[in-house]
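J.: What follows is a structure written as structure tokens; I'll ask about it next.
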Amino acid sequence: MTRQDVVITGIGLVTALGEGPDAHWDALSAGTSPVVDNTTYAPWPVHPLPPLTLDRQIPKKGDQRQMEPWQRLGTYAAGLAIDDADARALVDDMHLIVAAGGGERDLALDEQVNAELAEANDGARLNELLATGLRPTLFLAQLSNLLAGNISIVHGVTGSSRTFMGEESAAADALRIAHARLAEGRGGIALVGGAMTAQRWDLLLLYRGEDGLWQGPHKSLSERERPGMVLGGMAGFLVLETAEHARARGARILARLDAVASNAARRAAPGEAAASAQSLLSQVAPGGVDAVISGATGAPAAWKEEESFLQGVGAPVRRPGSLIGHGVEGAFPAHVGLAALALHRGGFFAPMDPADAPMDPEDAPSRILVTGFGQWRGEALATVSRAEF
């Protein structure tokens with residue numbers, strides 16, 4: 001069976017720097033300072049989401065009210081991607097693959113449980129609090145597939161639908177499977193992406209375990225005295241098409257998505273994750289790459305592994321995590337979107353971290369490697385090339 005080329009025709013992107021491709025190109029190609037909230041969630045800084053006019057993509061107030069913030073964010077970014085691809089007329093045939101977390105916790109109940117159990121480990125009281133405090137629909141209302149459902153309802157996307165959970169690996173596998181389905185001829189167009197809101201006490205408390213988060217005023221990844229993540233609200237959605245499908249409708253092609261590969265090394269020993277990524281590199285970029293957009297999170301063990309891997313790639317690196325933070329499920333598709341944006345604009349981004357080497361503006365890359373090292377597990381790589389159709 002002849003494999004088909006897969007191209008990117010739409011980018012829906014929301015980070016602390018703004019929304020849409022133009023805002024991100026203007027900020028990142030010229031060099032910009034990070035947008036950070038150092039005080040609201042102290043001692044942990046976060047990269048906050050920009051103000052969004054939700055009515056532009058979610059016109060019904062009732063739809064907005066029944067979604068949690070991360071669902072509104074993902075649904076909004078999905079609409080941006082559809083519009084960027086000029087694909088509103090194609091949603092009936094559009095496949096949908098989404099990566100998302102498990103929803104937001106009931107903070108009031110969490111605080112009550114912690115307060116009452118602070119002095120005694122009383123299992124009977126815990127069961128009573130959960131039985132009387134949890135709404136019967138609580139977990140159902142927070143399932144990650146509700147993001148896919150809301151995208152289908154609001155934007156009319158009615159092709160096949162899949163949802164992945166599992167943090168960074170979820171996002172990488174969502175993109176990998178979307179690419180594989182199109183390349184194998186099982187569809188002509190797909191919408192794929194993920195979203196995460198960082199302005200959440202429950203999420204910060206979750207990721208602070210084992211010193212996972214950076215504490216104190218924000219610093220760039222390479223300047224942190226010890227590794228640690230700074231979370232950033234983020235959504236990245238992409239419209240993917242077969243090149244044949246895109247050409248047939250006269251679509252603007254931003255870039256070609258050459259390959260996506262993922263793995264999950266056990267990380268039982270130092271160097272195992274770097275070796276895993278090296279094996280993936282031979283699959284996705286046997287001919288090498290001109291530049292790298294790194295998914296470095298700042299997580300302690302993952303940071304060392306990815307830096308070791310990047311030294312062997314031999315290409316200039318940009319580390320968006322220093323400017324927009326780590327977006328967990330939203331990070332990998334957002335970074336692939338940034339790669340496609342740079343290739344389409346015929347340039348590259350200014351250094352984002354002190355460790356990023358400068359590039360001559362005339363040395364615009366034609367093939368970019370995007371990396372994703374999960375803070376606990378999961379290695380992923382994608383290659384994106386300049387479209388020449």
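Letters for chains follow the order of the structure tokens (A, B, ...), residue numbers begin at 1 for each chain, and ligand numbers begin at 1 in the order shown.
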Please provide as a PyMOL selection string all residues within 8 Å of Val7 of chain A, with the sequence filter that same-chain residues fewer than 2 positions apart are discarded (counting only C-alpha atoms).

T.: chain A and resi 5+9+240-243+246+253-257+387

J.: Determine which residues of segment 41-100 of chain A DSSP labels as alpha helix (DSSP H) from the backbone of this structure, then write them out as number ranges by chain.

T.: A: 61-66, 69-84

J.: Identify, on the basis of only C-alpha atoms, every residue whose closest approach to segment 347-354 of chain A does not exceed 12 Å; exclude the query and any residue fewer than 5 positions from it along the same chain; express the result as an MDAnalysis selection string.

T.: chainID A and resid 24:34 219:224 290:294 296 316:325 338:342 359:368 386

J.: Please produce a file of those selected residues containing C-alpha atoms, as a short mmCIF file (atom, residue, chain, number, x, y, z; two decimals), in the first residue's frame.

T.:
data_model
loop_
_atom_site.label_atom_id
_atom_site.label_comp_id
_atom_site.auth_asym_id
_atom_site.auth_seq_id
_atom_site.Cartn_x
_atom_site.Cartn_y
_atom_site.Cartn_z
CA HIS A 24 3.31 33.72 18.35
CA TRP A 25 5.40 34.39 15.27
CA ASP A 26 5.68 38.07 16.09
CA ALA A 27 6.70 37.39 19.69
CA LEU A 28 9.02 34.43 19.19
CA SER A 29 10.81 35.46 16.02
CA ALA A 30 11.74 38.88 17.41
CA GLY A 31 12.57 37.65 20.90
CA THR A 32 10.26 38.22 23.84
CA SER A 33 10.12 38.04 27.61
CA PRO A 34 8.04 35.40 29.35
CA LYS A 219 13.98 31.65 35.78
CA SER A 220 14.78 30.19 32.36
CA LEU A 221 15.24 26.44 32.19
CA SER A 222 19.02 26.51 31.96
CA GLU A 223 19.34 29.11 34.74
CA ARG A 224 17.52 27.17 37.44
CA ASP A 290 18.39 21.58 10.66
CA ALA A 291 16.91 22.72 13.99
CA VAL A 292 15.19 21.45 17.11
CA ILE A 293 12.19 22.65 19.11
CA SER A 294 12.68 21.04 22.48
CA ALA A 296 12.14 20.22 27.77
CA PRO A 316 20.42 24.59 16.98
CA VAL A 317 17.83 24.20 19.75
CA ARG A 318 14.94 26.36 20.90
CA ARG A 319 13.41 25.64 24.33
CA PRO A 320 9.87 27.13 24.48
CA GLY A 321 9.47 25.95 28.08
CA SER A 322 11.51 28.96 29.21
CA LEU A 323 8.95 31.36 27.72
CA ILE A 324 5.58 29.60 27.84
CA GLY A 325 6.15 26.88 30.46
CA LEU A 338 5.48 26.20 16.21
CA ALA A 339 7.71 24.12 13.93
CA ALA A 340 5.15 24.31 11.12
CA LEU A 341 4.80 28.05 11.66
CA ALA A 342 8.54 28.64 11.35
CA MET A 359 21.28 31.32 14.17
CA ASP A 360 21.90 33.44 11.11
CA PRO A 361 18.46 34.64 9.95
CA GLU A 362 19.35 33.52 6.45
CA ASP A 363 19.85 29.94 7.63
CA ALA A 364 16.16 29.15 7.73
CA PRO A 365 15.62 25.47 8.56
CA SER A 366 13.93 23.17 6.10
CA ARG A 367 13.47 20.29 8.54
CA ILE A 368 12.77 20.65 12.27
CA ARG A 386 9.04 22.66 4.54
#

J.: For Ala100 of chain A, which residue among A:Asp122, A:Glu184, A:Asp211, A:Glu167 is the nearest when counting only C-alpha atoms?

T.: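 That would be A:Glu167, the residue with the smallest distance to Ala100 of chain A.
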
J.: For Pro300 of chain A, please output as a ChimeraX atom specification all residues within 8 Å (counting only C-alpha atoms; exclusion window: fewer than 3 positions along the same chain).

T.: /A:212,226-228,303-304,375

J.: Which of segment 35-136 of chain A end up as strand (DSSP E or B) when DSSP is run on this backbone - answer as an NGL selection string?

T.: :A and (37 or 46-47 or 95-99)

J.: Restricting the calculation to only C-alpha atoms, which member of A:Phe164, A:Phe373, A:Phe332, A:Trp214 is positioned closest to Glu307 of chain A?

T.: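 Comparing A:Phe164, A:Phe373, A:Phe332, A:Trp214 against Glu307 of chain A, the winner is A:Phe373.
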
J.: Distance atom CA of Ala89 of chain A-atom CA of Ala174 of chain A, one decimal place?

T.: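 Distance reported for this atom pair: 23.4 Å.
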
J.: Got a sec: who's within 9 Å of Arg267 of chain A, counting only C-alpha atoms, leaving out chain neighbours fewer than 5 positions off, as a ChimeraX atom specification?

T.: /A:272-273,376-377

J.: Determine, counting only C-alpha atoms, which protein, DNA and RNA residues have an atom within 9 Å of an atom of segment 229-234 of chain A; residues of the same chain fewer than 5 positions away are not included. Present the result as an MDAnalysis selection string.

T.: chainID A and resid 13:16 36 44:50 70 73:74 194:199 204 207:208 211:215 218 221 297:300 321:322 324:331 334 375

J.: Pick out the residues sitting within 8 Å of Ala148 of chain A, and hand them over as an MDAnalysis selection string; count only C-alpha atoms, and ignore anything fewer than 6 positions along from it in its own chain.

T.: chainID A and resid 96:98 161:163

J.: In Å, rounded to a single decimal, give me how far atom CA of Leu381 of chain A is from atom CA of Leu281 of chain A.

T.: 7.1 Å
